[in-house]
file work_39.txt (compact mmCIF, C-alpha atoms and all ligand atoms)
# COMPACT_ATOMS: atom_id res chain seq x y z
CA MET U 1 51.03 33.52 29.41
CA SER U 2 50.53 34.94 25.95
CA THR U 3 47.52 37.14 25.39
CA GLN U 4 47.52 36.19 21.71
CA ILE U 5 46.10 33.09 20.06
CA ASN U 6 48.86 30.75 18.90
CA THR U 7 47.62 29.26 15.61
CA ASP U 8 50.66 26.98 15.37
CA VAL U 9 49.36 25.14 18.44
CA LEU U 10 45.80 25.18 17.06
CA ASP U 11 46.99 23.77 13.72
CA ALA U 12 48.96 21.04 15.49
CA ALA U 13 45.82 20.07 17.40
CA ALA U 14 43.76 20.06 14.20
CA ALA U 15 46.36 17.85 12.48
CA ALA U 16 46.37 15.45 15.44
CA LEU U 17 42.58 15.26 15.44
CA LYS U 18 42.42 14.61 11.69
CA LYS U 19 45.00 11.87 12.10
CA THR U 20 43.01 10.28 14.93
CA TRP U 21 39.66 10.45 13.15
CA PRO U 22 40.49 10.71 9.43
CA ASP U 23 36.94 9.90 8.35
CA ALA U 24 35.21 12.37 10.65
CA ARG U 25 33.00 14.88 8.80
CA PRO U 26 31.15 16.75 11.57
CA LYS U 27 28.50 19.20 10.42
CA ALA U 28 27.93 20.68 13.85
CA GLY U 29 29.74 21.07 17.13
CA LEU U 30 28.65 21.38 20.70
CA ILE U 31 30.70 22.91 23.50
CA LEU U 32 29.50 21.92 26.93
CA GLY U 33 30.05 24.35 29.77
CA SER U 34 29.63 24.12 33.52
CA GLY U 35 26.91 21.72 34.56
CA TRP U 36 26.20 20.57 30.99
CA GLY U 37 28.44 17.46 30.91
CA GLU U 38 25.68 14.92 31.54
CA ALA U 39 23.45 16.39 28.86
CA VAL U 40 25.12 14.08 26.34
CA GLU U 41 25.46 10.95 28.47
CA ASP U 42 23.04 9.06 26.20
CA PHE U 43 25.06 9.85 23.07
CA GLN U 44 27.27 7.04 21.82
CA GLY U 45 30.39 7.46 19.75
CA LEU U 46 34.15 7.73 19.65
CA GLU U 47 35.90 9.42 22.57
CA LEU U 48 39.20 11.23 22.82
CA PRO U 49 40.56 12.78 26.03
CA TYR U 50 41.72 16.38 25.61
CA THR U 51 45.13 15.27 26.88
CA GLU U 52 45.63 13.44 23.56
CA LEU U 53 45.63 16.75 21.68
CA PRO U 54 48.14 19.58 22.02
CA GLY U 55 46.75 22.93 23.12
CA PHE U 56 44.16 22.21 25.77
CA GLY U 57 46.72 22.84 28.50
CA LYS U 58 46.29 21.68 32.06
CA THR U 59 42.85 20.18 31.75
CA GLY U 60 42.94 19.10 35.39
CA VAL U 61 41.84 22.53 36.56
CA MET U 62 38.71 22.53 34.44
CA GLY U 63 36.29 20.67 36.63
CA HIS U 64 34.84 19.27 33.39
CA ALA U 65 35.11 15.84 31.78
CA GLY U 66 37.76 17.10 29.37
CA LYS U 67 37.08 14.88 26.39
CA LEU U 68 35.84 14.93 22.83
CA LEU U 69 32.97 12.82 21.62
CA LEU U 70 32.25 12.17 17.95
CA THR U 71 28.65 11.11 17.63
CA GLU U 72 25.79 11.02 15.15
CA VAL U 73 22.31 12.48 15.44
CA ASP U 74 19.88 11.34 12.75
CA GLY U 75 22.73 10.72 10.34
CA MET U 76 24.49 14.04 11.05
CA GLU U 77 27.94 13.87 12.63
CA VAL U 78 28.40 16.04 15.69
CA LEU U 79 31.64 16.79 17.50
CA ILE U 80 31.04 17.37 21.19
CA PHE U 81 33.53 19.06 23.51
CA GLN U 82 32.85 18.01 27.08
CA GLY U 83 34.44 20.88 28.93
CA ARG U 84 35.90 24.24 28.05
CA ARG U 85 38.79 26.38 29.21
CA HIS U 86 38.21 29.90 30.52
CA TRP U 87 40.15 33.14 30.28
CA TYR U 88 40.27 33.29 34.11
CA GLU U 89 42.32 30.09 34.19
CA GLY U 90 45.21 32.24 33.10
CA GLU U 91 46.59 30.14 30.26
CA GLY U 92 45.75 32.59 27.50
CA TRP U 93 43.33 32.43 24.62
CA THR U 94 44.68 29.38 22.79
CA PRO U 95 42.99 26.70 24.96
CA VAL U 96 39.81 28.79 25.15
CA VAL U 97 39.30 29.00 21.40
CA LEU U 98 40.68 25.57 20.50
CA PRO U 99 37.25 23.85 20.29
CA VAL U 100 35.82 26.31 17.77
CA TYR U 101 39.05 26.28 15.77
CA LEU U 102 38.90 22.49 15.62
CA LEU U 103 35.27 22.61 14.51
CA ALA U 104 36.14 24.94 11.66
CA ALA U 105 39.19 22.83 10.75
CA MET U 106 37.08 19.67 10.64
CA GLY U 107 34.61 21.33 8.29
CA ALA U 108 31.70 21.93 10.66
CA ASP U 109 29.54 24.94 9.87
CA THR U 110 27.52 25.30 13.07
CA ALA U 111 28.53 25.60 16.73
CA LEU U 112 26.24 25.43 19.74
CA LEU U 113 27.88 26.95 22.80
CA THR U 114 26.39 26.17 26.20
CA ASN U 115 27.05 27.63 29.62
CA ALA U 116 25.71 28.28 33.09
CA SER U 117 24.78 31.82 34.07
CA GLY U 118 23.26 34.01 36.74
CA GLY U 119 19.83 35.49 36.00
CA ILE U 120 19.49 39.28 35.96
CA ARG U 121 16.17 39.73 34.13
CA ASP U 122 13.08 39.18 36.31
CA ASP U 123 11.75 36.12 34.50
CA LEU U 124 15.09 34.30 34.32
CA LYS U 125 14.67 32.27 37.46
CA PRO U 126 17.07 29.43 38.28
CA GLY U 127 16.46 26.51 35.95
CA SER U 128 15.49 28.67 32.96
CA LEU U 129 17.03 27.94 29.59
CA MET U 130 17.93 31.11 27.69
CA ALA U 131 18.79 31.15 24.00
CA ILE U 132 21.52 33.77 23.69
CA SER U 133 20.38 36.55 21.34
CA ASP U 134 23.55 38.63 21.68
CA HIS U 135 26.38 39.21 24.10
CA ILE U 136 28.23 42.01 25.83
CA ASN U 137 31.95 41.39 26.15
CA MET U 138 33.02 42.59 29.60
CA LEU U 139 36.12 40.40 29.71
CA GLY U 140 38.42 43.36 29.31
CA SER U 141 40.12 41.61 26.42
CA ASN U 142 39.39 40.05 23.05
CA PRO U 143 40.73 36.75 21.69
CA LEU U 144 41.47 38.38 18.33
CA ILE U 145 43.94 40.96 19.63
CA GLY U 146 47.43 40.80 18.15
CA PRO U 147 48.74 40.95 14.60
CA HIS U 148 46.03 40.06 12.10
CA ASN U 149 45.98 36.35 11.35
CA PRO U 150 43.81 35.56 8.30
CA LYS U 151 43.25 32.02 9.64
CA LEU U 152 40.97 33.66 12.22
CA GLY U 153 38.95 35.69 9.74
CA THR U 154 39.12 39.31 8.70
CA ARG U 155 40.84 42.03 10.73
CA PHE U 156 37.55 43.62 11.77
CA PRO U 157 34.86 40.91 11.91
CA ASP U 158 31.24 42.02 11.67
CA GLN U 159 29.28 41.09 14.80
CA SER U 160 25.79 42.32 13.87
CA GLU U 161 24.30 38.85 14.32
CA ILE U 162 26.75 36.46 15.96
CA TYR U 163 23.91 34.28 17.30
CA ARG U 164 22.03 33.53 14.11
CA LYS U 165 18.32 34.15 14.11
CA PRO U 166 17.35 30.82 12.46
CA LEU U 167 19.36 28.95 15.10
CA ARG U 168 17.76 30.97 17.91
CA GLU U 169 14.35 30.03 16.53
CA LYS U 170 15.40 26.38 16.51
CA LEU U 171 16.51 26.65 20.15
CA LEU U 172 13.19 28.15 21.19
CA LYS U 173 11.31 25.39 19.38
CA ALA U 174 13.65 22.81 20.90
CA GLY U 175 12.81 23.85 24.46
CA ALA U 176 14.54 27.12 25.45
CA ASP U 177 12.25 29.33 27.55
CA SER U 178 13.22 32.69 26.10
CA GLU U 179 15.97 34.71 24.46
CA GLY U 180 18.29 37.15 26.14
CA VAL U 181 21.55 39.03 26.20
CA TYR U 182 24.49 37.31 27.89
CA ILE U 183 27.18 39.42 29.49
CA ALA U 184 30.59 37.78 29.79
CA THR U 185 32.79 38.85 32.67
CA MET U 186 36.39 37.91 33.34
CA GLY U 187 35.75 36.02 36.58
CA PRO U 188 36.70 33.98 38.49
CA THR U 189 34.91 36.02 41.15
CA PHE U 190 31.16 36.19 40.99
CA GLU U 191 29.96 39.76 40.54
CA THR U 192 29.17 42.37 43.15
CA PRO U 193 25.56 43.61 43.47
CA ALA U 194 26.70 47.01 42.15
CA GLU U 195 28.15 45.37 39.06
CA ILE U 196 24.91 43.48 38.47
CA ASN U 197 22.97 46.78 38.71
CA GLN U 198 25.29 48.22 36.11
CA TYR U 199 24.94 45.21 33.81
CA LYS U 200 21.16 45.37 34.09
CA ALA U 201 21.24 49.06 33.14
CA ILE U 202 23.27 48.35 30.00
CA GLY U 203 20.95 45.62 28.78
CA ALA U 204 22.26 42.32 30.13
CA ASP U 205 19.79 39.55 30.99
CA ALA U 206 22.17 36.89 32.30
CA VAL U 207 25.81 36.89 33.41
CA GLY U 208 28.59 34.34 33.09
CA MET U 209 32.32 33.89 32.58
CA SER U 210 32.57 32.20 29.18
CA THR U 211 31.12 31.75 25.70
CA ALA U 212 31.66 35.26 24.28
CA PRO U 213 35.31 34.56 23.29
CA GLU U 214 34.45 31.32 21.50
CA ALA U 215 31.47 33.00 19.86
CA MET U 216 33.62 35.88 18.60
CA VAL U 217 36.23 33.57 17.08
CA ALA U 218 33.67 31.14 15.65
CA ASN U 219 31.80 34.04 14.06
CA ALA U 220 35.01 35.53 12.70
CA MET U 221 35.89 32.15 11.17
CA GLY U 222 32.50 31.96 9.44
CA LEU U 223 30.72 29.46 11.68
CA GLN U 224 27.01 29.83 12.41
CA VAL U 225 26.81 30.31 16.18
CA ALA U 226 24.06 29.40 18.63
CA GLY U 227 24.25 29.90 22.39
CA LEU U 228 22.23 28.24 25.13
CA SER U 229 22.52 29.24 28.76
CA CYS U 230 21.20 27.38 31.77
CA VAL U 231 20.37 30.11 34.26
CA CYS U 232 21.47 28.45 37.47
CA ASN U 233 21.11 31.15 40.14
CA TRP U 234 19.86 34.67 40.63
CA ALA U 235 22.76 37.06 40.04
CA ALA U 236 24.49 38.69 43.03
CA GLY U 237 22.30 41.12 44.97
CA ILE U 238 19.15 39.60 43.47
CA SER U 239 20.05 36.28 45.08
CA PRO U 240 19.08 36.16 48.76
CA VAL U 241 22.03 33.85 49.48
CA PRO U 242 25.77 33.93 48.68
CA LEU U 243 26.67 32.35 45.34
CA THR U 244 28.58 29.08 45.10
CA HIS U 245 29.71 26.92 42.22
CA GLU U 246 28.12 23.94 43.99
CA ASP U 247 24.68 25.58 43.93
CA VAL U 248 25.15 26.37 40.25
CA ASN U 249 25.89 22.70 39.54
CA GLN U 250 22.97 21.58 41.70
CA THR U 251 20.49 23.71 39.74
CA ALA U 252 21.96 22.46 36.47
CA ALA U 253 21.46 18.89 37.69
CA GLU U 254 17.79 19.64 38.42
CA ALA U 255 17.31 21.22 34.99
CA MET U 256 19.16 18.35 33.28
CA PRO U 257 16.14 16.60 31.69
CA ARG U 258 15.19 19.83 29.89
CA MET U 259 18.81 20.61 29.01
CA LYS U 260 19.10 17.15 27.45
CA SER U 261 15.90 17.35 25.46
CA THR U 262 16.61 20.88 24.23
CA ILE U 263 20.05 19.94 22.92
CA THR U 264 18.76 16.75 21.33
CA ASN U 265 15.78 18.48 19.68
CA PHE U 266 18.05 21.24 18.40
CA LEU U 267 20.52 18.79 16.86
CA LYS U 268 17.68 16.80 15.30
CA ALA U 269 16.31 19.97 13.75
CA LEU U 270 19.73 20.75 12.31
CA ALA U 271 20.02 17.23 10.96
CA GLY U 272 16.56 17.59 9.43
CA ASP U 273 17.69 20.68 7.53
CA GLN U 274 20.57 18.74 6.10
CA SER U 275 18.62 15.75 4.80
N1 LIG B 1 27.87 34.92 37.59
C1 LIG B 1 28.86 34.54 36.75
N2 LIG B 1 28.97 33.31 36.26
C2 LIG B 1 28.01 32.43 36.60
C3 LIG B 1 26.95 32.76 37.45
C4 LIG B 1 26.88 34.08 37.97
O1 LIG B 1 25.97 34.44 38.73
N3 LIG B 1 26.19 31.64 37.58
C5 LIG B 1 26.78 30.67 36.82
N4 LIG B 1 27.88 31.15 36.23

call {"tool": "encode", "arguments": {"input": "work_39.txt", "output": "structure tokens", "more": "lines below"}}
Ligand code: HPA
result
Amino acid sequence: MSTQINTDVLDAAAAALKKTWPDARPKAGLILGSGWGEAVEDFQGLELPYTELPGFGKTGVMGHAGKLLLTEVDGMEVLIFQGRRHWYEGEGWTPVVLPVYLLAAMGADTALLTNASGGIRDDLKPGSLMAISDHINMLGSNPLIGPHNPKLGTRFPDQSEIYRKPLREKLLKAGADSEGVYIATMGPTFETPAEINQYKAIGADAVGMSTAPEAMVANAMGLQVAGLSCVCNWAAGISPVPLTHEDVNQTAAEAMPRMKSTITNFLKALAGDQS
């Protein structure tokens, strides 16, 4: 496994996507993480399984739908990625960052990244929707390591405001309960209670195993980034019961009506800006 992004693979995927949907002009993109798949079940459009594009790797291990959906919200085209790859899957950064690279290649200027997380802050009870205000990268790596590749932005990208304030405001208006700092860990283990204590002390509000890498690359490539987390459990040590992926999915299913309406309202607000 290479620890460096392979832009030849990313460019091949972008070329394949442009060939498949030559008329596509998405303005925004949506990456759906764990538990979020059904949030777009009412959206109609063109579908493409990830297996039709090079670079997504062995999508079978994802536990996600693994397909692209090109849809329209109030006249604005939106490219939706139903499922993401994670660093912990061990196939390197290329499949992880492919969705945001494709968004940039297709001309989109905004990316909404969604995920499931564990709540650390007192008010972030399971079922809460948190607009990500910032992140802490605890992955122990960075997708932009390696020789500088100008296709991925400058050598030292500024990260003062990855999650853009106007988009955060839109998320809050659209239905998110609050804002907070997301800490991204390598996974695939859930955290220990001692780790959660540490993360709390350094300013984290919710913990998960994704999103930060895509956000870093999207930001470096000049996309406006928004992040929305469904807090699906109390983090380890705060939770009175052991953590399971099934419980995470169960909570997401219960929060689904609000997840759906928040995403839809957000996209409508973006479309409104455009018209
Ligand atoms: N920790 C890490 N990732 C997660 C959690 C958690 O508690 N819940 C959902 N994804």

call {"tool": "residues_near_ligand", "arguments": {"input": "work_39.txt", "ligand": "ligand LIG 1 (chain B)", "cutoff": "7 Å", "atoms": "only C-alpha atoms and all ligand atoms", "output": "list in words"}}
result
Ala116, Ser117, Gly118, Gly119, Phe190, Glu191, Val207, Gly208, Met209, Val231, Cys232, Asn233, Trp234, Ala235, Ala236, Leu243 and Val248 of chain U

call {"tool": "residues_around", "arguments": {"input": "work_39.txt", "residues": "segment 131-144 of chain U", "least_positions_apart": "4", "cutoff": "7 Å", "atoms": "all atoms listed in the file", "output": "JSON list (two decimals) with C-alpha atoms, in the coordinates of the input"}}
result
[["chain", "number", "residue", "atom", "x", "y", "z"],
["U", 4, "GLN", "CA", 47.52, 36.19, 21.71],
["U", 5, "ILE", "CA", 46.10, 33.09, 20.06],
["U", 93, "TRP", "CA", 43.33, 32.43, 24.62],
["U", 162, "ILE", "CA", 26.75, 36.46, 15.96],
["U", 163, "TYR", "CA", 23.91, 34.28, 17.30],
["U", 168, "ARG", "CA", 17.76, 30.97, 17.91],
["U", 171, "LEU", "CA", 16.51, 26.65, 20.15],
["U", 172, "LEU", "CA", 13.19, 28.15, 21.19],
["U", 176, "ALA", "CA", 14.54, 27.12, 25.45],
["U", 178, "SER", "CA", 13.22, 32.69, 26.10],
["U", 179, "GLU", "CA", 15.97, 34.71, 24.46],
["U", 180, "GLY", "CA", 18.29, 37.15, 26.14],
["U", 181, "VAL", "CA", 21.55, 39.03, 26.20],
["U", 182, "TYR", "CA", 24.49, 37.31, 27.89],
["U", 183, "ILE", "CA", 27.18, 39.42, 29.49],
["U", 184, "ALA", "CA", 30.59, 37.78, 29.79],
["U", 185, "THR", "CA", 32.79, 38.85, 32.67],
["U", 186, "MET", "CA", 36.39, 37.91, 33.34],
["U", 212, "ALA", "CA", 31.66, 35.26, 24.28],
["U", 213, "PRO", "CA", 35.31, 34.56, 23.29],
["U", 227, "GLY", "CA", 24.25, 29.90, 22.39],
["U", 228, "LEU", "CA", 22.23, 28.24, 25.13],
["U", 229, "SER", "CA", 22.52, 29.24, 28.76]]

call {"tool": "residues_near_point", "arguments": {"input": "work_39.txt", "point": "(28.5, 21.3, 11.4)", "cutoff": "12 Å", "atoms": "all atoms listed in the file", "output": "MDAnalysis selection string"}}
result
chainID U and resid 24:30 70:73 76:80 100 102:112 218 222:226 267 270:271 273:274

call {"tool": "residues_near_point", "arguments": {"input": "work_39.txt", "point": "(29.7, 24.4, 31.5)", "cutoff": "7 Å", "atoms": "all atoms listed in the file", "output": "PyMOL selection string"}}
result
chain U and resi 32-36+83+114-116

call {"tool": "residues_around", "arguments": {"input": "work_39.txt", "residues": "Glu254 of chain U", "least_positions_apart": "5", "cutoff": "10 Å", "atoms": "only C-alpha atoms", "output": "mmCIF file with C-alpha atoms, keeping the file's coordinate frame"}}
result
data_model
loop_
_atom_site.group_PDB
_atom_site.id
_atom_site.type_symbol
_atom_site.label_atom_id
_atom_site.label_comp_id
_atom_site.auth_asym_id
_atom_site.auth_seq_id
_atom_site.Cartn_x
_atom_site.Cartn_y
_atom_site.Cartn_z
ATOM 1 C CA PRO U 126 17.070 29.430 38.280
ATOM 2 C CA GLY U 127 16.460 26.510 35.950
ATOM 3 C CA CYS U 232 21.470 28.450 37.470
ATOM 4 C CA ASN U 249 25.890 22.700 39.540
ATOM 5 C CA MET U 259 18.810 20.610 29.010
#

call {"tool": "residues_around", "arguments": {"input": "work_39.txt", "residues": "Leu152 of chain U", "least_positions_apart": "5", "cutoff": "9 Å", "atoms": "only C-alpha atoms", "output": "MDAnalysis selection string"}}
result
chainID U and resid 7 101 144 217:218 220:221

call {"tool": "atom_distance", "arguments": {"input": "work_39.txt", "atom1": "atom CA of Ala194 of chain U", "atom2": "atom CA of Glu161 of chain U"}}
result
29.1 Å

call {"tool": "axis_aligned_box", "arguments": {"input": "work_39.txt", "around": "segment 26-29 of chain U", "padding_each_side": "8 Å", "output": "JSON"}}
result
{"center_x": 29.5, "center_y": 18.9, "center_z": 13.8, "size_x": 19.2, "size_y": 20.3, "size_z": 22.7}

call {"tool": "atom_distance", "arguments": {"input": "work_39.txt", "atom1": "atom CA of Thr262 of chain U", "atom2": "atom CA of Ala39 of chain U"}}
result
9.4 Å

call {"tool": "atom_distance", "arguments": {"input": "work_39.txt", "atom1": "atom CA of Leu46 of chain U", "atom2": "atom CA of Leu69 of chain U"}}
result
5.6 Å

call {"tool": "closest_residue", "arguments": {"input": "work_39.txt", "among": "U:Ala269, U:Ala215, U:Ile238, U:Leu124", "to": "Glu169 of chain U", "atoms": "only C-alpha atoms"}}
result
U:Ala269

call {"tool": "closest_residue", "arguments": {"input": "work_39.txt", "among": "U:Pro99, U:Lys260, U:Asp74, U:Asp11", "to": "Tyr50 of chain U", "atoms": "all atoms listed in the file"}}
result
U:Pro99

call {"tool": "closest_residue", "arguments": {"input": "work_39.txt", "among": "U:Gly37, U:Leu68, U:Thr211, U:Pro95", "to": "Ala253 of chain U", "atoms": "all atoms listed in the file"}}
result
U:Gly37

call {"tool": "build_atoms", "arguments": {"input": "work_39.txt", "residues": "segment 206-217 of chain U", "atoms": "all heavy atoms", "output": "PDB file, keeping the file's coordinate frame"}}
result
ATOM      1  N   ALA U 206      21.544  37.970  31.534  1.00  0.00           N
ATOM      2  CA  ALA U 206      22.170  36.890  32.300  1.00  0.00           C
ATOM      3  C   ALA U 206      23.678  37.092  32.244  1.00  0.00           C
ATOM      4  O   ALA U 206      24.201  37.639  31.270  1.00  0.00           O
ATOM      5  CB  ALA U 206      21.789  35.530  31.733  1.00  0.00           C
ATOM      6  N   VAL U 207      24.367  36.630  33.298  1.00  0.00           N
ATOM      7  CA  VAL U 207      25.810  36.890  33.410  1.00  0.00           C
ATOM      8  C   VAL U 207      26.581  35.590  33.590  1.00  0.00           C
ATOM      9  O   VAL U 207      26.134  34.693  34.298  1.00  0.00           O
ATOM     10  CB  VAL U 207      26.096  37.878  34.566  1.00  0.00           C
ATOM     11  CG1 VAL U 207      25.583  37.340  35.905  1.00  0.00           C
ATOM     12  CG2 VAL U 207      27.586  38.216  34.678  1.00  0.00           C
ATOM     13  N   GLY U 208      27.743  35.520  32.936  1.00  0.00           N
ATOM     14  CA  GLY U 208      28.590  34.340  33.090  1.00  0.00           C
ATOM     15  C   GLY U 208      30.031  34.676  32.724  1.00  0.00           C
ATOM     16  O   GLY U 208      30.358  35.831  32.442  1.00  0.00           O
ATOM     17  N   MET U 209      30.879  33.650  32.744  1.00  0.00           N
ATOM     18  CA  MET U 209      32.320  33.890  32.580  1.00  0.00           C
ATOM     19  C   MET U 209      32.897  33.215  31.333  1.00  0.00           C
ATOM     20  O   MET U 209      34.086  32.915  31.282  1.00  0.00           O
ATOM     21  CB  MET U 209      33.071  33.372  33.816  1.00  0.00           C
ATOM     22  CG  MET U 209      32.568  33.916  35.138  1.00  0.00           C
ATOM     23  SD  MET U 209      33.368  33.092  36.525  1.00  0.00           S
ATOM     24  CE  MET U 209      32.296  33.596  37.897  1.00  0.00           C
ATOM     25  N   SER U 210      32.065  32.958  30.341  1.00  0.00           N
ATOM     26  CA  SER U 210      32.570  32.200  29.180  1.00  0.00           C
ATOM     27  C   SER U 210      31.871  32.614  27.900  1.00  0.00           C
ATOM     28  O   SER U 210      31.317  33.704  27.802  1.00  0.00           O
ATOM     29  CB  SER U 210      32.348  30.695  29.425  1.00  0.00           C
ATOM     30  OG  SER U 210      30.970  30.392  29.384  1.00  0.00           O
ATOM     31  N   THR U 211      31.925  31.747  26.927  1.00  0.00           N
ATOM     32  CA  THR U 211      31.120  31.750  25.700  1.00  0.00           C
ATOM     33  C   THR U 211      31.419  32.893  24.715  1.00  0.00           C
ATOM     34  O   THR U 211      31.592  32.646  23.525  1.00  0.00           O
ATOM     35  CB  THR U 211      29.604  31.734  26.028  1.00  0.00           C
ATOM     36  OG1 THR U 211      29.358  30.628  26.893  1.00  0.00           O
ATOM     37  CG2 THR U 211      28.741  31.620  24.794  1.00  0.00           C
ATOM     38  N   ALA U 212      31.452  34.145  25.210  1.00  0.00           N
ATOM     39  CA  ALA U 212      31.660  35.260  24.280  1.00  0.00           C
ATOM     40  C   ALA U 212      32.962  35.090  23.472  1.00  0.00           C
ATOM     41  O   ALA U 212      32.954  35.312  22.252  1.00  0.00           O
ATOM     42  CB  ALA U 212      31.620  36.590  25.017  1.00  0.00           C
ATOM     43  N   PRO U 213      34.082  34.683  24.102  1.00  0.00           N
ATOM     44  CA  PRO U 213      35.310  34.560  23.290  1.00  0.00           C
ATOM     45  C   PRO U 213      35.171  33.512  22.184  1.00  0.00           C
ATOM     46  O   PRO U 213      35.543  33.771  21.030  1.00  0.00           O
ATOM     47  CB  PRO U 213      36.376  34.111  24.304  1.00  0.00           C
ATOM     48  CG  PRO U 213      35.831  34.435  25.640  1.00  0.00           C
ATOM     49  CD  PRO U 213      34.337  34.424  25.528  1.00  0.00           C
ATOM     50  N   GLU U 214      34.613  32.359  22.529  1.00  0.00           N
ATOM     51  CA  GLU U 214      34.450  31.320  21.500  1.00  0.00           C
ATOM     52  C   GLU U 214      33.497  31.809  20.413  1.00  0.00           C
ATOM     53  O   GLU U 214      33.701  31.548  19.225  1.00  0.00           O
ATOM     54  CB  GLU U 214      33.861  30.036  22.099  1.00  0.00           C
ATOM     55  CG  GLU U 214      34.763  29.325  23.088  1.00  0.00           C
ATOM     56  CD  GLU U 214      34.261  29.487  24.510  1.00  0.00           C
ATOM     57  OE1 GLU U 214      34.143  30.663  24.949  1.00  0.00           O
ATOM     58  OE2 GLU U 214      34.012  28.482  25.175  1.00  0.00           O
ATOM     59  N   ALA U 215      32.442  32.510  20.836  1.00  0.00           N
ATOM     60  CA  ALA U 215      31.470  33.000  19.860  1.00  0.00           C
ATOM     61  C   ALA U 215      32.119  34.006  18.909  1.00  0.00           C
ATOM     62  O   ALA U 215      31.862  33.980  17.699  1.00  0.00           O
ATOM     63  CB  ALA U 215      30.284  33.639  20.582  1.00  0.00           C
ATOM     64  N   MET U 216      32.966  34.865  19.450  1.00  0.00           N
ATOM     65  CA  MET U 216      33.620  35.880  18.600  1.00  0.00           C
ATOM     66  C   MET U 216      34.523  35.226  17.567  1.00  0.00           C
ATOM     67  O   MET U 216      34.534  35.608  16.393  1.00  0.00           O
ATOM     68  CB  MET U 216      34.428  36.852  19.473  1.00  0.00           C
ATOM     69  CG  MET U 216      33.554  37.782  20.271  1.00  0.00           C
ATOM     70  SD  MET U 216      34.515  39.098  21.049  1.00  0.00           S
ATOM     71  CE  MET U 216      34.964  38.326  22.579  1.00  0.00           C
ATOM     72  N   VAL U 217      35.294  34.225  18.010  1.00  0.00           N
ATOM     73  CA  VAL U 217      36.230  33.570  17.080  1.00  0.00           C
ATOM     74  C   VAL U 217      35.459  32.707  16.076  1.00  0.00           C
ATOM     75  O   VAL U 217      35.751  32.725  14.878  1.00  0.00           O
ATOM     76  CB  VAL U 217      37.281  32.744  17.856  1.00  0.00           C
ATOM     77  CG1 VAL U 217      38.123  31.904  16.907  1.00  0.00           C
ATOM     78  CG2 VAL U 217      38.169  33.679  18.669  1.00  0.00           C
TER      79      VAL U 217
END
